[in-house]
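Pasted below: model-v4.tsv, TSV, C-alpha atoms.
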```
chain	number	residue	atom	x	y	z
A	1	MET	CA	85.36	45.41	84.55
A	2	ALA	CA	85.80	44.16	80.96
A	3	ASP	CA	86.28	46.48	78.03
A	4	ILE	CA	83.39	46.77	75.55
A	5	SER	CA	85.72	45.88	72.68
A	6	GLU	CA	86.21	42.42	74.20
A	7	ILE	CA	82.56	41.44	73.85
A	8	LYS	CA	82.83	40.10	70.31
A	9	ASN	CA	85.35	37.46	71.30
A	10	ARG	CA	83.93	36.75	74.73
A	11	GLU	CA	82.84	33.16	75.30
A	12	ILE	CA	79.56	32.39	77.04
A	13	ASN	CA	79.88	30.23	80.15
A	14	GLU	CA	78.15	27.01	79.09
A	15	ALA	CA	77.83	25.59	82.61
A	16	ARG	CA	76.10	28.74	83.81
A	17	ALA	CA	73.79	28.81	80.78
A	18	LEU	CA	72.80	25.20	81.42
A	19	ASN	CA	72.20	25.75	85.12
A	20	ILE	CA	70.01	28.84	84.58
A	21	LEU	CA	67.89	27.14	81.92
A	22	GLN	CA	67.42	23.97	83.96
A	23	GLN	CA	66.26	25.94	86.97
A	24	LEU	CA	63.83	28.00	84.87
A	25	ILE	CA	62.32	24.85	83.36
A	26	ARG	CA	61.83	23.35	86.83
A	27	ILE	CA	59.83	26.42	87.85
A	28	ARG	CA	56.35	25.68	86.50
A	29	THR	CA	54.76	28.65	84.78
A	30	HIS	CA	51.84	27.04	82.95
A	31	GLN	CA	48.97	28.88	81.42
A	32	PRO	CA	46.33	29.70	82.45
A	33	GLN	CA	47.61	30.14	86.03
A	34	GLY	CA	51.03	31.40	84.91
A	35	ASP	CA	52.73	31.73	88.30
A	36	GLU	CA	55.45	33.79	86.59
A	37	ALA	CA	56.22	35.48	89.93
A	38	ASP	CA	58.15	32.35	90.93
A	39	ALA	CA	60.42	32.68	87.90
A	40	VAL	CA	60.82	36.42	88.54
A	41	LYS	CA	62.05	35.68	92.08
A	42	TYR	CA	64.62	33.28	90.67
A	43	ILE	CA	65.94	35.83	88.15
A	44	LEU	CA	66.17	38.43	90.91
A	45	SER	CA	68.28	35.99	92.93
A	46	LEU	CA	70.70	35.73	90.01
A	47	ILE	CA	71.27	39.48	89.70
A	48	GLY	CA	71.23	40.24	93.42
A	49	GLY	CA	74.16	42.44	94.37
A	50	ASN	CA	74.78	43.63	90.81
A	51	GLU	CA	74.67	47.40	91.26
A	52	ARG	CA	74.57	48.16	87.53
A	53	ILE	CA	71.28	46.29	86.99
A	54	SER	CA	68.19	48.07	88.32
A	55	PRO	CA	65.19	45.74	88.64
A	56	ARG	CA	61.52	46.65	88.69
A	57	VAL	CA	58.75	44.15	89.37
A	58	ILE	CA	55.26	44.80	88.01
A	59	SER	CA	52.78	42.68	89.95
A	60	HIS	CA	49.61	41.44	88.26
A	61	GLY	CA	48.22	39.64	91.32
A	62	ALA	CA	47.54	35.90	91.72
A	63	ASN	CA	51.29	35.10	91.77
A	64	ARG	CA	51.78	36.66	88.35
A	65	SER	CA	54.36	39.36	87.64
A	66	THR	CA	56.57	40.91	84.99
A	67	LEU	CA	60.20	41.87	85.52
A	68	LEU	CA	61.95	44.86	83.93
A	69	LEU	CA	65.73	45.19	84.24
A	70	HIS	CA	67.64	48.37	83.35
A	71	ILE	CA	71.32	48.91	82.63
A	72	LYS	CA	72.20	52.58	82.26
A	73	GLY	CA	74.34	53.73	79.31
A	74	ARG	CA	75.68	56.98	77.80
A	75	ALA	CA	72.47	57.76	75.86
A	76	GLU	CA	74.31	58.16	72.55
A	77	ARG	CA	71.23	56.63	70.95
A	78	PRO	CA	67.72	55.75	72.19
A	79	PRO	CA	67.36	52.81	74.61
A	80	VAL	CA	67.09	49.24	73.35
A	81	LEU	CA	64.60	46.80	74.85
A	82	LEU	CA	64.94	43.01	74.81
A	83	MET	CA	61.64	41.32	75.57
A	84	GLY	CA	60.92	37.66	76.30
A	85	HIS	CA	58.25	35.84	78.29
A	86	LEU	CA	58.13	33.44	81.22
A	87	ASP	CA	54.78	31.68	80.78
A	88	THR	CA	54.48	28.37	78.94
A	89	ILE	CA	51.60	26.54	77.29
A	90	GLY	CA	49.83	23.93	79.39
A	91	LEU	CA	50.66	20.26	79.64
A	92	GLU	CA	47.99	17.64	79.00
A	93	SER	CA	50.00	14.56	79.89
A	94	THR	CA	53.55	13.43	80.63
A	95	LEU	CA	52.98	9.88	79.39
A	96	ARG	CA	54.55	10.29	75.94
A	97	TRP	CA	57.54	12.31	77.12
A	98	LYS	CA	60.79	10.34	76.97
A	99	HIS	CA	62.34	13.10	79.09
A	100	TYR	CA	60.14	14.11	82.02
A	101	PRO	CA	59.06	17.70	81.30
A	102	TYR	CA	60.44	19.13	84.55
A	103	SER	CA	63.66	17.17	84.90
A	104	ALA	CA	65.38	19.52	82.42
A	105	ASP	CA	67.55	16.69	81.07
A	106	PHE	CA	70.65	17.63	79.09
A	107	SER	CA	71.40	15.13	76.34
A	108	GLY	CA	73.13	15.37	72.97
A	109	GLY	CA	73.57	19.11	73.26
A	110	TYR	CA	69.87	19.69	73.95
A	111	VAL	CA	67.98	20.62	77.10
A	112	PHE	CA	64.54	19.00	77.32
A	113	GLY	CA	61.48	20.25	79.19
A	114	ARG	CA	58.22	22.11	79.09
A	115	GLY	CA	58.95	25.72	78.14
A	116	ALA	CA	62.51	24.95	77.03
A	117	ILE	CA	62.21	27.03	73.89
A	118	ASN	CA	60.98	30.28	75.44
A	119	LYS	CA	62.93	29.83	78.68
A	120	GLY	CA	66.00	29.29	76.53
A	121	GLY	CA	65.36	32.80	75.23
A	122	ALA	CA	64.99	34.10	78.78
A	123	THR	CA	68.30	32.41	79.64
A	124	ALA	CA	70.03	34.16	76.72
A	125	MET	CA	68.65	37.47	77.99
A	126	ILE	CA	69.93	36.85	81.52
A	127	LEU	CA	73.38	35.92	80.21
A	128	ALA	CA	73.47	39.04	78.02
A	129	ALA	CA	72.42	41.24	80.94
A	130	GLU	CA	75.17	39.78	83.12
A	131	ILE	CA	77.84	40.30	80.46
A	132	LEU	CA	76.77	43.85	79.57
A	133	SER	CA	76.62	44.83	83.24
A	134	ARG	CA	80.27	43.84	83.66
A	135	CYS	CA	81.51	45.83	80.66
A	136	GLY	CA	82.46	49.46	80.41
A	137	GLU	CA	79.77	52.09	80.00
A	138	LEU	CA	77.35	51.08	77.26
A	139	PRO	CA	76.48	53.42	74.36
A	140	CYS	CA	72.79	53.38	75.30
A	141	ASP	CA	70.41	52.36	78.05
A	142	VAL	CA	69.37	48.72	77.80
A	143	PHE	CA	66.17	47.20	79.19
A	144	PHE	CA	65.29	43.53	79.60
A	145	ALA	CA	61.58	42.67	80.02
A	146	PHE	CA	60.53	39.20	81.23
A	147	THR	CA	56.77	39.26	80.75
A	148	ALA	CA	53.79	37.31	82.02
A	149	ASP	CA	50.96	35.96	79.89
A	150	ASN	CA	52.47	36.17	76.41
A	151	ASP	CA	50.53	33.12	75.21
A	152	GLU	CA	47.06	34.40	76.14
A	153	ASP	CA	46.08	38.08	76.59
A	154	GLY	CA	49.47	39.77	76.80
A	155	LEU	CA	48.96	40.82	80.43
A	156	GLY	CA	52.62	41.69	81.06
A	157	ALA	CA	53.22	43.54	77.79
A	158	ARG	CA	50.01	45.54	78.21
A	159	ALA	CA	51.02	46.55	81.73
A	160	LEU	CA	54.39	47.78	80.47
A	161	VAL	CA	52.81	49.80	77.65
A	162	GLU	CA	49.85	51.18	79.58
A	163	GLY	CA	51.99	51.96	82.64
A	164	SER	CA	54.40	54.03	80.49
A	165	PHE	CA	57.33	51.81	81.49
A	166	LEU	CA	58.53	51.78	77.88
A	167	GLU	CA	58.51	55.51	77.17
A	168	GLY	CA	61.51	56.58	75.12
A	169	ILE	CA	62.43	53.07	73.93
A	170	GLY	CA	63.97	53.34	70.46
A	171	GLU	CA	63.80	49.73	69.29
A	172	VAL	CA	62.81	46.28	70.50
A	173	ILE	CA	64.27	42.81	70.11
A	174	PHE	CA	61.54	40.29	70.84
A	175	VAL	CA	63.25	37.16	72.12
A	176	GLN	CA	61.12	34.40	70.64
A	177	PRO	CA	62.02	31.03	69.07
A	178	THR	CA	63.02	31.79	65.48
A	179	GLY	CA	65.73	29.17	65.02
A	180	CYS	CA	68.23	32.03	65.45
A	181	MET	CA	66.84	33.69	62.31
A	182	ILE	CA	65.83	37.35	61.99
A	183	GLY	CA	62.05	37.61	62.32
A	184	ILE	CA	60.71	40.64	60.48
A	185	ALA	CA	56.95	40.02	60.53
A	186	GLN	CA	54.25	38.49	62.70
A	187	LYS	CA	50.70	37.45	61.90
A	188	GLY	CA	47.76	39.09	63.63
A	189	VAL	CA	45.37	36.98	65.68
A	190	ALA	CA	41.62	37.10	66.27
A	191	TRP	CA	39.95	34.65	68.61
A	192	VAL	CA	36.26	34.44	67.78
A	193	ARG	CA	33.39	32.83	69.68
A	194	ALA	CA	30.44	32.16	67.38
A	195	GLU	CA	27.05	30.92	68.59
A	196	VAL	CA	24.06	29.94	66.49
A	197	SER	CA	20.65	29.45	68.07
A	198	GLY	CA	17.57	27.78	66.62
A	199	HIS	CA	15.14	25.37	68.25
A	200	TYR	CA	14.98	21.64	68.82
A	201	ALA	CA	13.48	19.48	66.05
A	202	HIS	CA	13.27	15.80	65.24
A	203	ALA	CA	16.11	14.62	63.00
A	204	ALA	CA	13.57	12.89	60.74
A	205	PHE	CA	12.20	16.36	59.87
A	206	PRO	CA	15.31	18.57	59.57
A	207	LYS	CA	13.47	21.29	57.64
A	208	GLN	CA	11.52	22.12	60.79
A	209	SER	CA	14.55	23.87	62.29
A	210	ALA	CA	17.84	25.42	61.35
A	211	ASP	CA	20.75	22.99	61.39
A	212	VAL	CA	22.87	25.08	63.76
A	213	VAL	CA	26.03	22.97	63.42
A	214	LYS	CA	25.84	23.19	59.64
A	215	LEU	CA	25.45	26.97	59.86
A	216	LEU	CA	28.54	27.27	62.04
A	217	LEU	CA	30.50	25.29	59.49
A	218	GLU	CA	29.14	27.55	56.75
A	219	TYR	CA	30.27	30.59	58.74
A	220	HIS	CA	33.76	29.10	58.96
A	221	LYS	CA	33.79	28.30	55.24
A	222	LYS	CA	32.72	31.83	54.24
A	223	LEU	CA	35.37	33.40	56.48
A	224	ASN	CA	38.04	31.28	54.81
A	225	ILE	CA	36.83	32.40	51.39
A	226	MET	CA	36.97	36.05	52.45
A	227	LEU	CA	40.47	35.59	53.84
A	228	ARG	CA	41.84	34.28	50.56
A	229	GLY	CA	44.52	36.45	49.07
A	230	GLU	CA	48.13	36.68	48.06
A	231	PRO	CA	50.65	35.09	50.44
A	232	HIS	CA	53.20	37.08	52.41
A	233	PRO	CA	56.81	36.12	51.57
A	234	TYR	CA	57.56	35.25	55.22
A	235	LEU	CA	54.11	34.58	56.69
A	236	GLY	CA	52.33	32.53	54.05
A	237	TYR	CA	48.53	32.79	53.88
A	238	ASN	CA	45.73	33.97	56.15
A	239	THR	CA	44.18	31.07	58.06
A	240	CYS	CA	40.97	30.37	59.96
A	241	VAL	CA	40.46	27.14	61.90
A	242	ILE	CA	37.83	25.82	64.29
A	243	THR	CA	39.47	24.89	67.59
A	244	GLU	CA	36.31	24.04	69.58
A	245	LEU	CA	32.84	22.91	68.48
A	246	GLU	CA	29.94	22.17	70.81
A	247	SER	CA	26.24	21.57	70.28
A	248	LYS	CA	23.49	21.14	72.83
A	249	GLY	CA	21.08	18.38	71.95
A	250	ILE	CA	18.59	16.50	74.11
A	251	ALA	CA	18.72	13.20	72.21
A	252	ARG	CA	20.72	11.60	69.43
A	253	TYR	CA	17.68	11.81	67.13
A	254	MET	CA	17.03	15.51	67.79
A	255	LEU	CA	18.56	18.52	66.06
A	256	PRO	CA	20.28	20.65	68.71
A	257	GLY	CA	18.79	24.01	69.63
A	258	SER	CA	22.12	25.80	69.68
A	259	ALA	CA	25.78	25.33	68.84
A	260	ARG	CA	28.99	27.18	69.62
A	261	ALA	CA	32.41	27.27	68.06
A	262	SER	CA	35.76	28.88	68.79
A	263	LEU	CA	37.73	30.03	65.78
A	264	ASP	CA	41.38	31.03	65.54
A	265	ILE	CA	42.11	33.50	62.73
A	266	ARG	CA	45.70	34.37	61.76
A	267	PHE	CA	45.90	37.28	59.33
A	268	LEU	CA	48.58	39.13	57.39
A	269	PRO	CA	49.78	42.75	57.68
A	270	ALA	CA	47.70	43.62	54.58
A	271	ILE	CA	44.58	43.34	56.78
A	272	ASN	CA	43.95	46.06	59.37
A	273	GLU	CA	41.69	46.02	62.43
A	274	LYS	CA	38.69	47.54	60.64
A	275	LYS	CA	38.90	45.03	57.81
A	276	ILE	CA	39.20	41.91	59.97
A	277	LEU	CA	36.29	42.99	62.18
A	278	SER	CA	34.23	43.71	59.08
A	279	MET	CA	34.89	40.17	57.85
A	280	ILE	CA	34.04	38.59	61.21
A	281	ASN	CA	30.85	40.54	61.88
A	282	GLY	CA	29.80	41.02	58.26
A	283	THR	CA	29.81	37.29	57.57
A	284	ALA	CA	27.55	36.67	60.56
A	285	LYS	CA	25.19	39.43	59.43
A	286	GLU	CA	25.02	37.95	55.93
A	287	LEU	CA	24.08	34.53	57.31
A	288	ASN	CA	21.52	36.03	59.68
A	289	GLU	CA	19.79	37.58	56.70
A	290	LYS	CA	20.03	34.37	54.68
A	291	TYR	CA	18.69	32.20	57.54
A	292	PRO	CA	16.22	34.34	59.53
A	293	GLU	CA	15.11	31.28	61.51
A	294	ALA	CA	18.56	31.19	63.17
A	295	GLY	CA	20.39	33.71	65.30
A	296	PHE	CA	24.11	34.43	65.17
A	297	LYS	CA	26.05	35.88	68.09
A	298	ILE	CA	29.70	36.82	67.60
A	299	CYS	CA	32.28	37.80	70.21
A	300	VAL	CA	35.94	38.61	69.56
A	301	ASP	CA	37.81	37.59	72.70
A	302	ASN	CA	41.29	38.63	71.64
A	303	LEU	CA	42.42	40.80	68.76
A	304	ARG	CA	46.15	41.25	68.19
A	305	LEU	CA	47.31	43.14	65.12
A	306	PRO	CA	49.96	41.94	62.65
A	307	CYS	CA	53.33	43.70	62.50
A	308	ALA	CA	55.97	43.87	59.82
A	309	MET	CA	59.29	45.54	59.08
A	310	ASP	CA	60.57	46.32	55.59
A	311	GLU	CA	63.19	43.67	54.95
A	312	ASN	CA	65.47	46.32	53.44
A	313	SER	CA	65.16	48.76	56.32
A	314	PRO	CA	68.40	50.05	57.92
A	315	HIS	CA	67.30	48.41	61.17
A	316	ILE	CA	67.15	44.92	59.65
A	317	LYS	CA	70.31	45.52	57.61
A	318	ARG	CA	72.15	46.34	60.82
A	319	PHE	CA	71.18	42.99	62.29
A	320	GLU	CA	72.40	41.25	59.15
A	321	ASP	CA	75.74	43.07	59.46
A	322	ILE	CA	76.11	41.94	63.09
A	323	TYR	CA	75.33	38.35	62.08
A	324	ARG	CA	78.05	38.42	59.44
A	325	SER	CA	80.58	40.02	61.80
A	326	LEU	CA	80.07	37.09	64.17
A	327	GLY	CA	80.33	34.51	61.42
A	328	TYR	CA	76.59	33.72	61.49
A	329	LYS	CA	74.53	33.38	58.34
A	330	PRO	CA	71.70	35.97	58.32
A	331	LYS	CA	68.36	34.56	57.25
A	332	LYS	CA	64.97	36.24	57.59
A	333	THR	CA	61.72	34.61	58.69
A	334	GLY	CA	58.15	35.34	59.80
A	335	ILE	CA	56.31	34.48	63.02
A	336	TYR	CA	52.97	32.68	62.88
A	337	TYR	CA	52.34	32.36	66.62
A	338	LEU	CA	51.17	34.90	69.18
A	339	CYS	CA	53.75	37.00	71.01
A	340	ASP	CA	54.18	40.39	72.72
A	341	THR	CA	55.12	42.03	69.40
A	342	SER	CA	51.43	42.51	68.61
A	343	VAL	CA	50.92	44.45	71.85
A	344	VAL	CA	54.05	46.61	71.90
A	345	VAL	CA	54.72	47.56	68.27
A	346	PRO	CA	51.25	48.95	67.36
A	347	SER	CA	51.32	51.00	70.59
A	348	LEU	CA	54.85	52.38	70.34
A	349	GLY	CA	55.36	52.37	66.57
A	350	ILE	CA	59.09	51.61	66.81
A	351	PRO	CA	61.51	49.41	64.84
A	352	PHE	CA	61.69	45.80	65.92
A	353	ALA	CA	63.08	42.38	65.16
A	354	ILE	CA	62.08	38.97	66.49
A	355	ILE	CA	65.21	36.94	67.18
A	356	GLY	CA	65.79	34.05	69.54
A	357	PRO	CA	67.10	30.54	70.10
A	358	GLY	CA	64.99	27.45	69.67
A	359	GLU	CA	62.92	26.11	66.81
A	360	ASP	CA	59.29	27.11	66.33
A	361	ILE	CA	57.78	23.90	67.72
A	362	TYR	CA	54.73	25.26	69.50
A	363	HIS	CA	52.75	22.68	67.52
A	364	SER	CA	54.57	19.89	69.39
A	365	ASN	CA	53.49	18.96	72.90
A	366	GLU	CA	56.08	16.27	73.61
A	367	ASP	CA	59.80	16.32	74.40
A	368	GLU	CA	60.21	20.04	73.85
A	369	LYS	CA	63.90	20.84	73.54
A	370	ILE	CA	66.43	23.55	72.75
A	371	ALA	CA	70.08	23.44	71.72
A	372	LEU	CA	72.31	24.92	74.42
A	373	GLU	CA	74.66	26.18	71.69
A	374	ASP	CA	71.85	28.32	70.23
A	375	ILE	CA	71.31	30.02	73.60
A	376	LYS	CA	74.99	30.91	73.80
A	377	LYS	CA	74.93	32.11	70.20
A	378	MET	CA	71.99	34.44	70.79
A	379	ALA	CA	73.38	35.83	74.06
A	380	LYS	CA	76.52	36.76	72.16
A	381	LEU	CA	74.46	38.32	69.37
A	382	TYR	CA	72.44	40.50	71.78
A	383	CYS	CA	75.59	41.78	73.47
A	384	ASN	CA	77.29	42.61	70.19
A	385	TYR	CA	74.23	44.36	68.84
A	386	ILE	CA	74.02	46.61	71.92
A	387	VAL	CA	77.66	47.73	71.79
A	388	SER	CA	78.01	47.93	68.00
```

Once you've parsed the file, please lay out its structure as structure tokens.
Amino acid sequence: MADISEIKNREINEARALNILQQLIRIRTHQPQGDEADAVKYILSLIGGNERISPRVISHGANRSTLLLHIKGRAERPPVLLMGHLDTIGLESTLRWKHYPYSADFSGGYVFGRGAINKGGATAMILAAEILSRCGELPCDVFFAFTADNDEDGLGARALVEGSFLEGIGEVIFVQPTGCMIGIAQKGVAWVRAEVSGHYAHAAFPKQSADVVKLLLEYHKKLNIMLRGEPHPYLGYNTCVITELESKGIARYMLPGSARASLDIRFLPAINEKKILSMINGTAKELNEKYPEAGFKICVDNLRLPCAMDENSPHIKRFEDIYRSLGYKPKKTGIYYLCDTSVVVPSLGIPFAIIGPGEDIYHSNEDEKIALEDIKKMAKLYCNYIVS
């Protein structure tokens, strides 16, 4: 068993890191089906026989599950949780991929494939768990959570919180793609379904009925006006975009009788739950009163609150110190996309940081990739943070 003091200079086995990541990429865990249970079985096969790692599988049904690993320490300080996810966004087509999304090609220092960026984080967690389990007794208990459904409703994170699996946790490292930077804030998310109803009318006589599509666009415009404000130093501005728009007409020369839209709102920590709901519902009420001939129906499908740490907090300063001790340059950032932070932090109210390998390229749907060196770098960081 290695001595804890050796961790700082310990090299990460590159061949093992590559093999683990390639296998994880080849296990398909697409939303909305997820099928994370297949990836959980693979991780369990890697740690099988390791008596210092205690696994616990939380089943969600339909071949979906979350895995929680535990390494016991001396309890000199509260337990630390590292949390990453196993699900990936869907795949529309493979036609534009130069590297087939499930071949997990390794080229030029990068591993290519669907889910490479978040499964690179999961790989760093597995490597860190293996290293820490082979060291002397750790100063605290360490937990590793590999969750299901991060990219939709947070099924895995909610099960961990609501099932009291995270009681006593003192701090969390959310393993998400930050380009190896220290994430200190995350935007909140509200997914809104808006429907406007009127009645059919001939397009030659538009005043005979409410223009339901126009009213939906006006709703979107008013929400954007209400969301205007000062930018956050790491998160930028509030945003509201239409992601789906549908109208039901009976002919190309007829005004539709109803229209629906899906809106994605990303909001800053300055806006709380009460305020964002007031904006969403209040705007619809205002338009209902302005256009009594139309009817607005609003449904919030998913509401995840923003989270932020003070950039000068001792918790964040400690991460910066560890970065410097390893020869890394500490740089802070903010997270625009949805992750388990918005489920766990508001519930537990504990310090956190969002730190992981891989660039934030969720906007790209082709040739997703991650640098193998970044995975090794982050595995080393996690280990050093635990024992420091």

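Closest to Gly358 (chain A) among A:Ser247, A:Thr178, A:Asn302, A:Ser313 is A:Thr178, based on only C-alpha atoms.
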
CA of Tyr336 (chain A) to CA of Val189 (chain A), straight-line distance in Å: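 CA of Tyr336 (chain A) lies 9.2 Å from CA of Val189 (chain A).
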
Leu216 (chain A) surroundings by all atoms listed in the file, 8 Å radius, close-in-sequence under 6 positions cut, as a PyMOL selection string: chain A and resi 194-196+259-261

List the spatial neighbours of Gly34 (chain A) as a PDB file with C-alpha atoms, in the coordinates of the input - criterion: any atom at most 8 Å away, all atoms listed in the file, same-chain residues fewer than 6 positions off excluded.
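Once everything was written out, this is result30.pdb:
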```pdb
ATOM      1  CA  ARG A  28      56.350  25.680  86.500  1.00  0.00           C
ATOM      2  CA  ASN A  63      51.290  35.100  91.770  1.00  0.00           C
ATOM      3  CA  ARG A  64      51.780  36.660  88.350  1.00  0.00           C
ATOM      4  CA  ASP A  87      54.780  31.680  80.780  1.00  0.00           C
ATOM      5  CA  THR A  88      54.480  28.370  78.940  1.00  0.00           C
ATOM      6  CA  ALA A 148      53.790  37.310  82.020  1.00  0.00           C
ATOM      7  CA  ASP A 149      50.960  35.960  79.890  1.00  0.00           C
TER       8      ASP A 149
END
```

Exercise: Ile53 (chain A) partners within 9 Å, only C-alpha atoms, chain neighbours under 3 positions left out, as a PyMOL selection string: chain A and resi 47-50+69-72+129-130+133

Interatomic distance, CA of Phe143 (chain A) to CA of Met83 (chain A) (Å, one decimal): 8.3 Å

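In this structure, CA of Tyr253 (chain A) sits 14.1 Å away from CA of Lys207 (chain A).
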
Residues near Met309 (chain A), cut-off 12 Å, all atoms listed in the file, skip fewer than 2 positions along chain, as a PyMOL selection string: chain A and resi 171-172+182-186+234+269+306-307+311-317+332-334+341+345+349-354

Okay, now the selection with C-alpha atoms, as a PDB file, keeping the file's coordinate frame?
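Final file, selection_29.pdb:
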```pdb
ATOM      1  CA  GLU A 171      63.800  49.730  69.290  1.00  0.00           C
ATOM      2  CA  VAL A 172      62.810  46.280  70.500  1.00  0.00           C
ATOM      3  CA  ILE A 182      65.830  37.350  61.990  1.00  0.00           C
ATOM      4  CA  GLY A 183      62.050  37.610  62.320  1.00  0.00           C
ATOM      5  CA  ILE A 184      60.710  40.640  60.480  1.00  0.00           C
ATOM      6  CA  ALA A 185      56.950  40.020  60.530  1.00  0.00           C
ATOM      7  CA  GLN A 186      54.250  38.490  62.700  1.00  0.00           C
ATOM      8  CA  TYR A 234      57.560  35.250  55.220  1.00  0.00           C
ATOM      9  CA  PRO A 269      49.780  42.750  57.680  1.00  0.00           C
ATOM     10  CA  PRO A 306      49.960  41.940  62.650  1.00  0.00           C
ATOM     11  CA  CYS A 307      53.330  43.700  62.500  1.00  0.00           C
ATOM     12  CA  GLU A 311      63.190  43.670  54.950  1.00  0.00           C
ATOM     13  CA  ASN A 312      65.470  46.320  53.440  1.00  0.00           C
ATOM     14  CA  SER A 313      65.160  48.760  56.320  1.00  0.00           C
ATOM     15  CA  PRO A 314      68.400  50.050  57.920  1.00  0.00           C
ATOM     16  CA  HIS A 315      67.300  48.410  61.170  1.00  0.00           C
ATOM     17  CA  ILE A 316      67.150  44.920  59.650  1.00  0.00           C
ATOM     18  CA  LYS A 317      70.310  45.520  57.610  1.00  0.00           C
ATOM     19  CA  LYS A 332      64.970  36.240  57.590  1.00  0.00           C
ATOM     20  CA  THR A 333      61.720  34.610  58.690  1.00  0.00           C
ATOM     21  CA  GLY A 334      58.150  35.340  59.800  1.00  0.00           C
ATOM     22  CA  THR A 341      55.120  42.030  69.400  1.00  0.00           C
ATOM     23  CA  VAL A 345      54.720  47.560  68.270  1.00  0.00           C
ATOM     24  CA  GLY A 349      55.360  52.370  66.570  1.00  0.00           C
ATOM     25  CA  ILE A 350      59.090  51.610  66.810  1.00  0.00           C
ATOM     26  CA  PRO A 351      61.510  49.410  64.840  1.00  0.00           C
ATOM     27  CA  PHE A 352      61.690  45.800  65.920  1.00  0.00           C
ATOM     28  CA  ALA A 353      63.080  42.380  65.160  1.00  0.00           C
ATOM     29  CA  ILE A 354      62.080  38.970  66.490  1.00  0.00           C
TER      30      ILE A 354
END
```

Of the listed residues A:Leu305, A:Leu381, A:Val80, A:Leu95, that which approaches Leu277 (chain A) most closely, counting all atoms listed in the file: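 Of all the options, A:Leu305 lies closest to Leu277 (chain A).
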
From A:Glu366, A:Glu230, A:Glu51, A:Glu246, residue lying nearest Val213 (chain A) [all atoms listed in the file]: A:Glu246

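When only C-alpha atoms are used to compute distances to His85 (chain A), the closest of the residues A:Lys119, A:Arg16, A:Lys248, A:Arg56 turns out to be A:Lys119.
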
From A:Arg10, A:Gln33, A:Leu338, A:Leu127, residue lying nearest Met378 (chain A) [all atoms listed in the file]: A:Leu127

Distance criterion (only C-alpha atoms): nearest to Ile298 (chain A) out of A:Leu268, A:Val192, A:Ala203, A:Met254: A:Val192

Neighbour list for Val300 (chain A) as a count of residues only, cut-off 10 Å, only C-alpha atoms, skip fewer than 4 positions in-chain: 10

Since the input lacks atoms, please generate N, CA, C and O atoms for region 258-267 of chain A and provide them as a PDB file, in the coordinates of the input.
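Saved to part_17.pdb:
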```
ATOM      1  N   SER A 258      21.067  24.787  69.805  1.00  0.00           N
ATOM      2  CA  SER A 258      22.120  25.800  69.680  1.00  0.00           C
ATOM      3  C   SER A 258      23.462  25.110  69.513  1.00  0.00           C
ATOM      4  O   SER A 258      23.614  23.926  69.841  1.00  0.00           O
ATOM      5  N   ALA A 259      24.421  25.855  69.005  1.00  0.00           N
ATOM      6  CA  ALA A 259      25.780  25.330  68.840  1.00  0.00           C
ATOM      7  C   ALA A 259      26.763  26.485  68.953  1.00  0.00           C
ATOM      8  O   ALA A 259      26.445  27.635  68.631  1.00  0.00           O
ATOM      9  N   ARG A 260      27.943  26.166  69.454  1.00  0.00           N
ATOM     10  CA  ARG A 260      28.990  27.180  69.620  1.00  0.00           C
ATOM     11  C   ARG A 260      30.301  26.677  69.049  1.00  0.00           C
ATOM     12  O   ARG A 260      30.574  25.483  69.065  1.00  0.00           O
ATOM     13  N   ALA A 261      31.089  27.624  68.593  1.00  0.00           N
ATOM     14  CA  ALA A 261      32.410  27.270  68.060  1.00  0.00           C
ATOM     15  C   ALA A 261      33.405  28.356  68.430  1.00  0.00           C
ATOM     16  O   ALA A 261      33.062  29.538  68.558  1.00  0.00           O
ATOM     17  N   SER A 262      34.648  27.941  68.630  1.00  0.00           N
ATOM     18  CA  SER A 262      35.760  28.880  68.790  1.00  0.00           C
ATOM     19  C   SER A 262      36.600  28.805  67.526  1.00  0.00           C
ATOM     20  O   SER A 262      36.918  27.716  67.043  1.00  0.00           O
ATOM     21  N   LEU A 263      36.932  29.967  66.999  1.00  0.00           N
ATOM     22  CA  LEU A 263      37.730  30.030  65.780  1.00  0.00           C
ATOM     23  C   LEU A 263      39.013  30.806  66.040  1.00  0.00           C
ATOM     24  O   LEU A 263      39.006  31.816  66.767  1.00  0.00           O
ATOM     25  N   ASP A 264      40.086  30.348  65.458  1.00  0.00           N
ATOM     26  CA  ASP A 264      41.380  31.030  65.540  1.00  0.00           C
ATOM     27  C   ASP A 264      41.728  31.547  64.151  1.00  0.00           C
ATOM     28  O   ASP A 264      41.916  30.762  63.219  1.00  0.00           O
ATOM     29  N   ILE A 265      41.800  32.865  64.014  1.00  0.00           N
ATOM     30  CA  ILE A 265      42.110  33.500  62.730  1.00  0.00           C
ATOM     31  C   ILE A 265      43.509  34.101  62.816  1.00  0.00           C
ATOM     32  O   ILE A 265      43.819  34.835  63.759  1.00  0.00           O
ATOM     33  N   ARG A 266      44.360  33.782  61.856  1.00  0.00           N
ATOM     34  CA  ARG A 266      45.700  34.370  61.760  1.00  0.00           C
ATOM     35  C   ARG A 266      45.744  35.150  60.441  1.00  0.00           C
ATOM     36  O   ARG A 266      45.536  34.578  59.372  1.00  0.00           O
ATOM     37  N   PHE A 267      46.001  36.465  60.534  1.00  0.00           N
ATOM     38  CA  PHE A 267      45.900  37.280  59.330  1.00  0.00           C
ATOM     39  C   PHE A 267      47.151  38.123  59.103  1.00  0.00           C
ATOM     40  O   PHE A 267      47.914  38.419  60.027  1.00  0.00           O
TER      41      PHE A 267
END
```
